[in-house]
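Structure file work.cif with mmCIF, C-alpha atoms:
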```cif
data_final
loop_
_atom_site.group_PDB
_atom_site.id
_atom_site.type_symbol
_atom_site.label_atom_id
_atom_site.label_comp_id
_atom_site.auth_asym_id
_atom_site.auth_seq_id
_atom_site.Cartn_x
_atom_site.Cartn_y
_atom_site.Cartn_z
ATOM 1 C CA MET L 17 0.000 0.000 0.000
ATOM 2 C CA ASP L 18 1.024 3.626 -0.407
ATOM 3 C CA LYS L 19 1.420 4.670 3.192
ATOM 4 C CA ARG L 20 1.651 8.363 4.007
ATOM 5 C CA VAL L 21 2.168 9.305 7.635
ATOM 6 C CA LEU L 22 2.731 12.588 9.405
ATOM 7 C CA SER L 23 5.532 11.709 11.781
ATOM 8 C CA THR L 24 6.719 13.988 14.547
ATOM 9 C CA ALA L 25 10.233 12.725 14.075
ATOM 10 C CA THR L 26 13.285 14.851 14.632
ATOM 11 C CA ILE L 27 15.283 13.203 11.879
ATOM 12 C CA SER L 28 16.950 14.119 8.624
ATOM 13 C CA ALA L 29 14.799 15.506 5.819
ATOM 14 C CA ALA L 30 15.674 12.594 3.554
ATOM 15 C CA VAL L 31 14.571 9.985 6.074
ATOM 16 C CA PHE L 32 11.445 11.945 6.950
ATOM 17 C CA ALA L 33 10.482 12.237 3.284
ATOM 18 C CA ALA L 34 10.816 8.476 2.944
ATOM 19 C CA LEU L 35 8.515 7.936 5.927
ATOM 20 C CA LEU L 36 5.990 10.402 4.587
ATOM 21 C CA THR L 37 5.778 9.136 1.030
ATOM 22 C CA GLY L 38 6.182 5.471 1.933
ATOM 23 C CA CYS L 39 6.591 2.636 -0.518
ATOM 24 C CA SER L 40 4.572 -0.217 -1.970
ATOM 25 C CA SER L 41 5.029 -2.626 0.894
ATOM 26 C CA ASP L 42 3.094 -4.448 3.562
ATOM 27 C CA GLU L 43 5.752 -3.398 6.038
ATOM 28 C CA ASP L 44 5.207 0.393 5.988
ATOM 29 C CA THR L 45 5.995 1.936 9.370
ATOM 30 C CA SER L 46 5.301 5.358 10.829
ATOM 31 C CA GLN L 47 7.862 6.175 13.503
ATOM 32 C CA ALA L 48 7.514 9.484 15.266
ATOM 33 C CA ALA L 49 9.966 10.960 17.707
ATOM 34 C CA GLY L 50 8.988 11.234 21.336
ATOM 35 C CA ALA L 51 10.570 13.436 23.975
ATOM 36 C CA SER L 52 11.117 13.682 27.689
ATOM 37 C CA GLY L 53 8.706 15.436 29.951
ATOM 38 C CA THR L 54 5.091 16.536 30.127
ATOM 39 C CA PRO L 55 3.783 20.105 30.444
ATOM 40 C CA SER L 56 4.577 20.067 34.159
ATOM 41 C CA SER L 57 8.195 18.976 33.686
ATOM 42 C CA SER L 58 9.099 20.067 30.165
ATOM 43 C CA ASP L 59 12.543 21.500 29.619
ATOM 44 C CA THR L 60 11.135 23.386 26.622
ATOM 45 C CA PRO L 61 7.753 24.825 27.572
ATOM 46 C CA ALA L 62 5.081 24.476 24.928
ATOM 47 C CA THR L 63 3.481 27.586 23.522
ATOM 48 C CA THR L 64 -0.118 28.318 24.363
ATOM 49 C CA SER L 65 -2.527 29.720 21.794
ATOM 50 C CA ALA L 66 -4.278 33.019 22.436
ATOM 51 C CA ALA L 67 -7.435 31.080 21.628
ATOM 52 C CA ALA L 68 -6.831 28.681 24.510
ATOM 53 C CA ALA L 69 -9.237 30.665 26.718
ATOM 54 C CA ALA L 70 -12.001 30.273 24.149
ATOM 55 C CA THR L 71 -14.194 27.195 24.344
ATOM 56 C CA PRO L 72 -17.137 25.947 22.273
ATOM 57 C CA THR L 73 -20.499 27.200 23.440
ATOM 58 C CA GLY L 74 -22.085 23.767 23.614
ATOM 59 C CA PRO L 75 -21.320 20.196 24.704
ATOM 60 C CA PRO L 76 -19.395 17.808 22.467
ATOM 61 C CA PRO L 77 -21.364 16.392 19.563
ATOM 62 C CA THR L 78 -22.340 12.748 19.697
ATOM 63 C CA PRO L 79 -21.339 10.273 16.988
ATOM 64 C CA GLY L 80 -23.713 10.022 14.051
ATOM 65 C CA GLN L 81 -23.177 8.122 10.816
ATOM 66 C CA VAL L 82 -20.114 5.864 11.107
ATOM 67 C CA VAL L 83 -17.516 6.396 8.411
ATOM 68 C CA LEU L 84 -14.981 3.812 9.597
ATOM 69 C CA SER L 85 -15.002 1.132 12.280
ATOM 70 C CA ASP L 86 -11.918 -0.965 12.965
ATOM 71 C CA GLU L 87 -11.468 -3.630 15.641
ATOM 72 C CA MET L 88 -7.748 -3.796 14.813
ATOM 73 C CA ASP L 89 -7.796 -7.458 13.822
ATOM 74 C CA ASP L 90 -5.524 -6.766 10.853
ATOM 75 C CA ASP L 91 -4.248 -4.003 8.592
ATOM 76 C CA ARG L 92 -7.149 -3.987 6.127
ATOM 77 C CA ASN L 93 -7.586 -0.222 6.615
ATOM 78 C CA GLY L 94 -3.955 0.605 6.006
ATOM 79 C CA TRP L 95 -2.447 1.688 9.317
ATOM 80 C CA GLY L 96 0.992 0.296 8.457
ATOM 81 C CA THR L 97 3.272 -2.142 10.244
ATOM 82 C CA GLY L 98 6.995 -2.629 10.659
ATOM 83 C CA PRO L 99 9.701 -2.725 13.353
ATOM 84 C CA GLY L 100 8.004 -1.969 16.651
ATOM 85 C CA VAL L 101 4.536 -1.603 15.079
ATOM 86 C CA THR L 102 2.406 -4.766 14.871
ATOM 87 C CA PHE L 103 -1.086 -6.212 15.080
ATOM 88 C CA GLU L 104 -1.456 -8.690 17.942
ATOM 89 C CA ALA L 105 -4.734 -10.472 18.773
ATOM 90 C CA GLY L 106 -7.009 -7.548 17.992
ATOM 91 C CA GLU L 107 -4.654 -4.809 19.132
ATOM 92 C CA TYR L 108 -2.464 -2.330 17.269
ATOM 93 C CA VAL L 109 0.760 -2.343 19.276
ATOM 94 C CA VAL L 110 3.608 0.176 19.314
ATOM 95 C CA ALA L 111 6.673 -0.946 21.278
ATOM 96 C CA MET L 112 9.668 1.388 21.023
ATOM 97 C CA THR L 113 12.202 3.428 22.951
ATOM 98 C CA PRO L 114 11.798 7.233 23.057
ATOM 99 C CA PRO L 115 12.316 9.361 21.091
ATOM 100 C CA ALA L 116 10.456 6.917 18.834
ATOM 101 C CA GLY L 117 6.701 6.624 18.584
ATOM 102 C CA LEU L 118 3.877 6.626 16.075
ATOM 103 C CA ALA L 119 1.618 9.262 14.537
ATOM 104 C CA GLY L 120 -0.465 8.155 11.580
ATOM 105 C CA TRP L 121 -3.848 7.457 10.092
ATOM 106 C CA PRO L 122 -5.642 4.696 8.179
ATOM 107 C CA ASP L 123 -5.195 4.930 4.428
ATOM 108 C CA ALA L 124 -8.908 4.140 4.114
ATOM 109 C CA LEU L 125 -9.675 7.757 5.101
ATOM 110 C CA LEU L 126 -6.938 9.481 3.142
ATOM 111 C CA ALA L 127 -8.796 10.091 -0.130
ATOM 112 C CA SER L 128 -11.920 11.776 1.254
ATOM 113 C CA PRO L 129 -11.745 12.562 4.983
ATOM 114 C CA PRO L 130 -14.927 13.934 6.584
ATOM 115 C CA LYS L 131 -14.882 17.668 7.301
ATOM 116 C CA SER L 132 -16.239 17.139 10.820
ATOM 117 C CA VAL L 133 -15.423 14.034 12.833
ATOM 118 C CA VAL L 134 -16.027 12.283 16.114
ATOM 119 C CA VAL L 135 -13.079 9.923 16.593
ATOM 120 C CA THR L 136 -13.230 7.214 19.255
ATOM 121 C CA ALA L 137 -10.431 4.841 20.262
ATOM 122 C CA THR L 138 -9.649 2.510 23.134
ATOM 123 C CA VAL L 139 -6.011 2.974 24.104
ATOM 124 C CA SER L 140 -3.571 2.006 26.826
ATOM 125 C CA ALA L 141 0.121 2.093 27.649
ATOM 126 C CA PRO L 142 0.837 -0.961 29.808
ATOM 127 C CA GLU L 143 4.605 -0.419 29.828
ATOM 128 C CA GLY L 144 6.675 2.714 30.262
ATOM 129 C CA SER L 145 5.568 6.357 30.031
ATOM 130 C CA ALA L 146 3.533 7.579 27.093
ATOM 131 C CA LEU L 147 1.024 10.027 25.710
ATOM 132 C CA VAL L 148 -1.747 8.280 23.791
ATOM 133 C CA GLY L 149 -4.712 9.627 21.917
ATOM 134 C CA VAL L 150 -6.313 10.433 18.609
ATOM 135 C CA THR L 151 -5.718 13.099 15.992
ATOM 136 C CA CYS L 152 -7.695 14.972 13.365
ATOM 137 C CA ASN L 153 -7.012 17.229 10.395
ATOM 138 C CA ASN L 154 -3.641 15.735 9.499
ATOM 139 C CA VAL L 155 -2.533 18.266 6.882
ATOM 140 C CA MET L 156 0.611 17.576 4.849
ATOM 141 C CA ASP L 157 2.684 20.536 3.729
ATOM 142 C CA GLY L 158 4.156 18.862 0.631
ATOM 143 C CA GLN L 159 7.702 19.189 1.996
ATOM 144 C CA GLY L 160 7.914 16.154 4.227
ATOM 145 C CA GLY L 161 6.031 17.613 7.177
ATOM 146 C CA GLY L 162 2.661 18.870 8.299
ATOM 147 C CA GLU L 163 0.333 19.742 11.163
ATOM 148 C CA PHE L 164 -2.536 18.071 13.012
ATOM 149 C CA TYR L 165 -4.620 18.336 16.159
ATOM 150 C CA SER L 166 -3.708 15.885 18.914
ATOM 151 C CA LEU L 167 -6.138 15.057 21.720
ATOM 152 C CA SER L 168 -4.160 12.962 24.177
ATOM 153 C CA ILE L 169 -4.006 11.551 27.681
ATOM 154 C CA GLY L 170 -1.128 10.588 29.944
ATOM 155 C CA SER L 171 -0.586 9.484 33.505
ATOM 156 C CA ASP L 172 -0.577 13.077 34.765
ATOM 157 C CA VAL L 173 -1.917 15.181 31.904
ATOM 158 C CA MET L 174 -4.702 15.518 29.344
ATOM 159 C CA LEU L 175 -4.348 17.950 26.491
ATOM 160 C CA ILE L 176 -5.566 19.326 23.204
ATOM 161 C CA SER L 177 -2.756 20.641 21.059
ATOM 162 C CA ARG L 178 -2.011 21.800 17.558
ATOM 163 C CA THR L 179 1.075 19.790 16.730
ATOM 164 C CA SER L 180 3.514 20.009 13.838
ATOM 165 C CA SER L 181 5.839 17.377 12.433
ATOM 166 C CA GLY L 182 8.699 19.252 14.102
ATOM 167 C CA ASP L 183 7.265 18.762 17.600
ATOM 168 C CA ARG L 184 8.671 15.781 19.440
ATOM 169 C CA THR L 185 5.504 14.965 21.389
ATOM 170 C CA PRO L 186 2.051 16.613 21.479
ATOM 171 C CA ASP L 187 2.860 18.520 24.671
ATOM 172 C CA LYS L 188 5.625 20.291 22.735
ATOM 173 C CA GLY L 189 3.108 21.753 20.310
ATOM 174 C CA GLN L 190 0.737 24.683 20.625
ATOM 175 C CA ILE L 191 -1.350 23.844 23.675
ATOM 176 C CA LEU L 192 -4.987 24.804 23.240
ATOM 177 C CA ALA L 193 -6.269 23.240 26.471
ATOM 178 C CA THR L 194 -4.698 21.139 29.199
ATOM 179 C CA THR L 195 -5.175 19.730 32.670
ATOM 180 C CA GLU L 196 -2.628 18.246 35.050
ATOM 181 C CA THR L 197 -4.964 15.369 35.896
ATOM 182 C CA GLY L 198 -4.283 12.105 34.061
ATOM 183 C CA VAL L 199 -5.344 8.465 34.144
ATOM 184 C CA ASP L 200 -3.799 5.088 34.831
ATOM 185 C CA LEU L 201 -2.697 4.015 31.365
ATOM 186 C CA THR L 202 -1.941 0.444 32.388
ATOM 187 C CA THR L 203 -5.670 -0.192 31.867
ATOM 188 C CA PRO L 204 -7.564 0.667 28.666
ATOM 189 C CA HIS L 205 -9.435 3.965 28.366
ATOM 190 C CA GLN L 206 -11.791 5.275 25.737
ATOM 191 C CA VAL L 207 -10.625 8.535 24.181
ATOM 192 C CA GLN L 208 -13.085 10.474 22.057
ATOM 193 C CA ALA L 209 -12.269 13.595 20.060
ATOM 194 C CA ALA L 210 -14.694 15.837 18.224
ATOM 195 C CA CYS L 211 -13.241 18.189 15.627
ATOM 196 C CA VAL L 212 -15.803 20.500 14.043
ATOM 197 C CA PRO L 213 -14.912 23.423 11.771
ATOM 198 C CA THR L 214 -17.063 26.534 11.671
ATOM 199 C CA SER L 215 -16.837 29.341 9.133
ATOM 200 C CA GLU L 216 -13.809 30.851 10.901
ATOM 201 C CA THR L 217 -12.659 28.475 13.668
ATOM 202 C CA MET L 218 -12.095 24.870 14.665
ATOM 203 C CA GLU L 219 -13.993 23.621 17.703
ATOM 204 C CA LEU L 220 -12.413 20.711 19.573
ATOM 205 C CA TRP L 221 -13.575 18.501 22.429
ATOM 206 C CA LEU L 222 -11.816 15.708 24.344
ATOM 207 C CA SER L 223 -13.826 13.140 26.295
ATOM 208 C CA VAL L 224 -12.325 10.305 28.346
ATOM 209 C CA ASP L 225 -14.339 7.231 29.292
ATOM 210 C CA GLY L 226 -17.531 8.994 28.265
ATOM 211 C CA GLU L 227 -16.916 12.154 30.291
ATOM 212 C CA PRO L 228 -16.172 15.519 28.605
ATOM 213 C CA THR L 229 -12.760 16.623 29.826
ATOM 214 C CA LEU L 230 -11.433 19.494 27.724
ATOM 215 C CA SER L 231 -12.566 21.781 24.921
ATOM 216 C CA ALA L 232 -10.931 24.509 22.882
ATOM 217 C CA VAL L 233 -11.379 26.780 19.885
ATOM 218 C CA ASP L 234 -8.597 27.383 17.369
ATOM 219 C CA ASP L 235 -9.165 30.709 15.604
ATOM 220 C CA ASP L 236 -6.601 29.852 12.927
ATOM 221 C CA PRO L 237 -7.932 26.424 11.945
ATOM 222 C CA LEU L 238 -6.113 23.742 10.036
ATOM 223 C CA GLY L 239 -7.471 22.591 6.701
ATOM 224 C CA GLU L 240 -8.980 19.238 5.857
ATOM 225 C CA GLY L 241 -7.081 16.030 6.498
ATOM 226 C CA PRO L 242 -7.700 12.506 7.776
ATOM 227 C CA PRO L 243 -8.132 11.673 11.460
ATOM 228 C CA GLY L 244 -5.652 9.279 13.027
ATOM 229 C CA VAL L 245 -3.874 8.178 16.174
ATOM 230 C CA GLN L 246 -0.771 9.227 18.114
ATOM 231 C CA LEU L 247 1.048 6.816 20.448
ATOM 232 C CA VAL L 248 4.356 8.245 21.650
ATOM 233 C CA GLY L 249 6.749 7.562 24.488
ATOM 234 C CA ILE L 250 7.990 10.200 26.909
ATOM 235 C CA GLY L 251 10.922 10.153 29.270
ATOM 236 C CA GLY L 252 14.619 10.647 28.754
ATOM 237 C CA ASN L 253 16.043 7.693 30.677
ATOM 238 C CA GLY L 254 16.150 5.328 27.707
ATOM 239 C CA ALA L 255 13.280 3.211 29.011
ATOM 240 C CA SER L 256 11.096 1.599 26.359
ATOM 241 C CA PHE L 257 7.334 1.958 26.221
ATOM 242 C CA GLN L 258 4.456 -0.029 24.852
ATOM 243 C CA ALA L 259 1.132 1.458 23.756
ATOM 244 C CA ARG L 260 -1.930 -0.349 22.416
ATOM 245 C CA MET L 261 -5.091 0.539 20.512
ATOM 246 C CA THR L 262 -7.876 -2.056 20.604
ATOM 247 C CA SER L 263 -10.598 -0.299 18.637
ATOM 248 C CA TYR L 264 -10.985 2.775 16.459
ATOM 249 C CA SER L 265 -13.943 4.452 14.834
ATOM 250 C CA VAL L 266 -14.704 7.632 12.950
ATOM 251 C CA ALA L 267 -18.198 9.083 12.693
ATOM 252 C CA GLU L 268 -19.735 12.293 11.479
ATOM 253 C CA PRO L 269 -21.327 14.358 14.265
ATOM 254 C CA ALA L 270 -24.999 13.565 14.827
#
```
Encoded form using structure tokens:
Amino acid sequence: MDKRVLSTATISAAVFAALLTGCSSDEDTSQAAGASGTPSSSDTPATTSAAAAATPTGPPPTPGQVVLSDEMDDDRNGWGTGPGVTFEAGEYVVAMTPPAGLAGWPDALLASPPKSVVVTATVSAPEGSALVGVTCNNVMDGQGGGEFYSLSIGSDVMLISRTSSGDRTPDKGQILATTETGVDLTTPHQVQAACVPTSETMELWLSVDGEPTLSAVDDDPLGEGPPGVQLVGIGGNGASFQARMTSYSVAEPA
């Protein structure tokens, strides 16, 4: 398959271009660089958007018509596999050592992504430290990079960020909303993101285990692009991490 992935890798342009454009192979891998720290311990504080104080006026939309549903039994929807990225008994597994990780999307949504989405995934990180979540509006810049919205959870943080391919982890991007409260990632959690453009803004909501957690408005919205997933390790001590996704669905808002 022709796998195109927006990595967040801090690597050479030539290698990044190869990851982005992919090749005709069943072993296509998206490896994205991770980084040490979370917003509370970052050695390079993330920038915060002026729109961070703005929030949508209403509650998050509920899922309507389903566009894609994947129980992660195999790679029929084109997520990509390779070293450290596998399908195991109904789970999409990323096992790497930071600063490696994964940011990508299913090829099945690349040709005609919905303008508004409600993305739902069940994710966990049973080993090591990680930030795990879903993405939307993955927009390639044509030069081996791009931007996307990341709605992620960690052991001591939840966040909505506008992240570029140059950011090492989502907390290094432009933080639109965040909280210092996290969850125990050794057990699975449902992460749901709603990304809804208006005439001039992008409205974003993050819900965890069915409970609305964060919302934000970006007044300089990204363009159209497929939704996806981001599973990245954090920590600078060389310890490996493992993250898992057991289900994934994309719906239009009801």
Which residues fall under the PyMOL selection byres ((chain L and resi 228) around 12) in this file, as a ChimeraX atom specification?
/L:74-78,174,206-210,220-227,229-232
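Going from CA of Phe103 (chain L) to CA of Gly182 (chain L) covers 27.3 Å.
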Point out the residue among L:Gly158, L:Gly120, L:Pro142, L:Gly170 with the least atom-to-atom distance to Thr203 (chain L), counting only C-alpha atoms.
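Counting only C-alpha atoms, the residue closest to Thr203 (chain L) is L:Pro142.
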On this file, the PyMOL selection byres ((chain L and resi 138) around 9) gives some set of residues; write that set as a PDB file with C-alpha atoms, keeping the file's coordinate frame.
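Saved to part_6.pdb:
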```pdb
ATOM      1  CA  THR L 136     -13.230   7.214  19.255  1.00  0.00           C
ATOM      2  CA  ALA L 137     -10.431   4.841  20.262  1.00  0.00           C
ATOM      3  CA  VAL L 139      -6.011   2.974  24.104  1.00  0.00           C
ATOM      4  CA  SER L 140      -3.571   2.006  26.826  1.00  0.00           C
ATOM      5  CA  GLY L 149      -4.712   9.627  21.917  1.00  0.00           C
ATOM      6  CA  PRO L 204      -7.564   0.667  28.666  1.00  0.00           C
ATOM      7  CA  HIS L 205      -9.435   3.965  28.366  1.00  0.00           C
ATOM      8  CA  GLN L 206     -11.791   5.275  25.737  1.00  0.00           C
ATOM      9  CA  VAL L 207     -10.625   8.535  24.181  1.00  0.00           C
ATOM     10  CA  GLN L 208     -13.085  10.474  22.057  1.00  0.00           C
ATOM     11  CA  ARG L 260      -1.930  -0.349  22.416  1.00  0.00           C
ATOM     12  CA  MET L 261      -5.091   0.539  20.512  1.00  0.00           C
ATOM     13  CA  THR L 262      -7.876  -2.056  20.604  1.00  0.00           C
ATOM     14  CA  SER L 263     -10.598  -0.299  18.637  1.00  0.00           C
ATOM     15  CA  TYR L 264     -10.985   2.775  16.459  1.00  0.00           C
TER      16      TYR L 264
END
```
State, in Å with one decimal place, the distance from CA of Glu87 (chain L) to CA of Gly239 (chain L).
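CA of Glu87 (chain L) sits 28.0 Å away from CA of Gly239 (chain L).
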Length of the CA of Ala116 (chain L) to CA of Phe257 (chain L) vector [Å]
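So the two atoms, CA of Ala116 (chain L) and CA of Phe257 (chain L), lie 9.4 Å apart.
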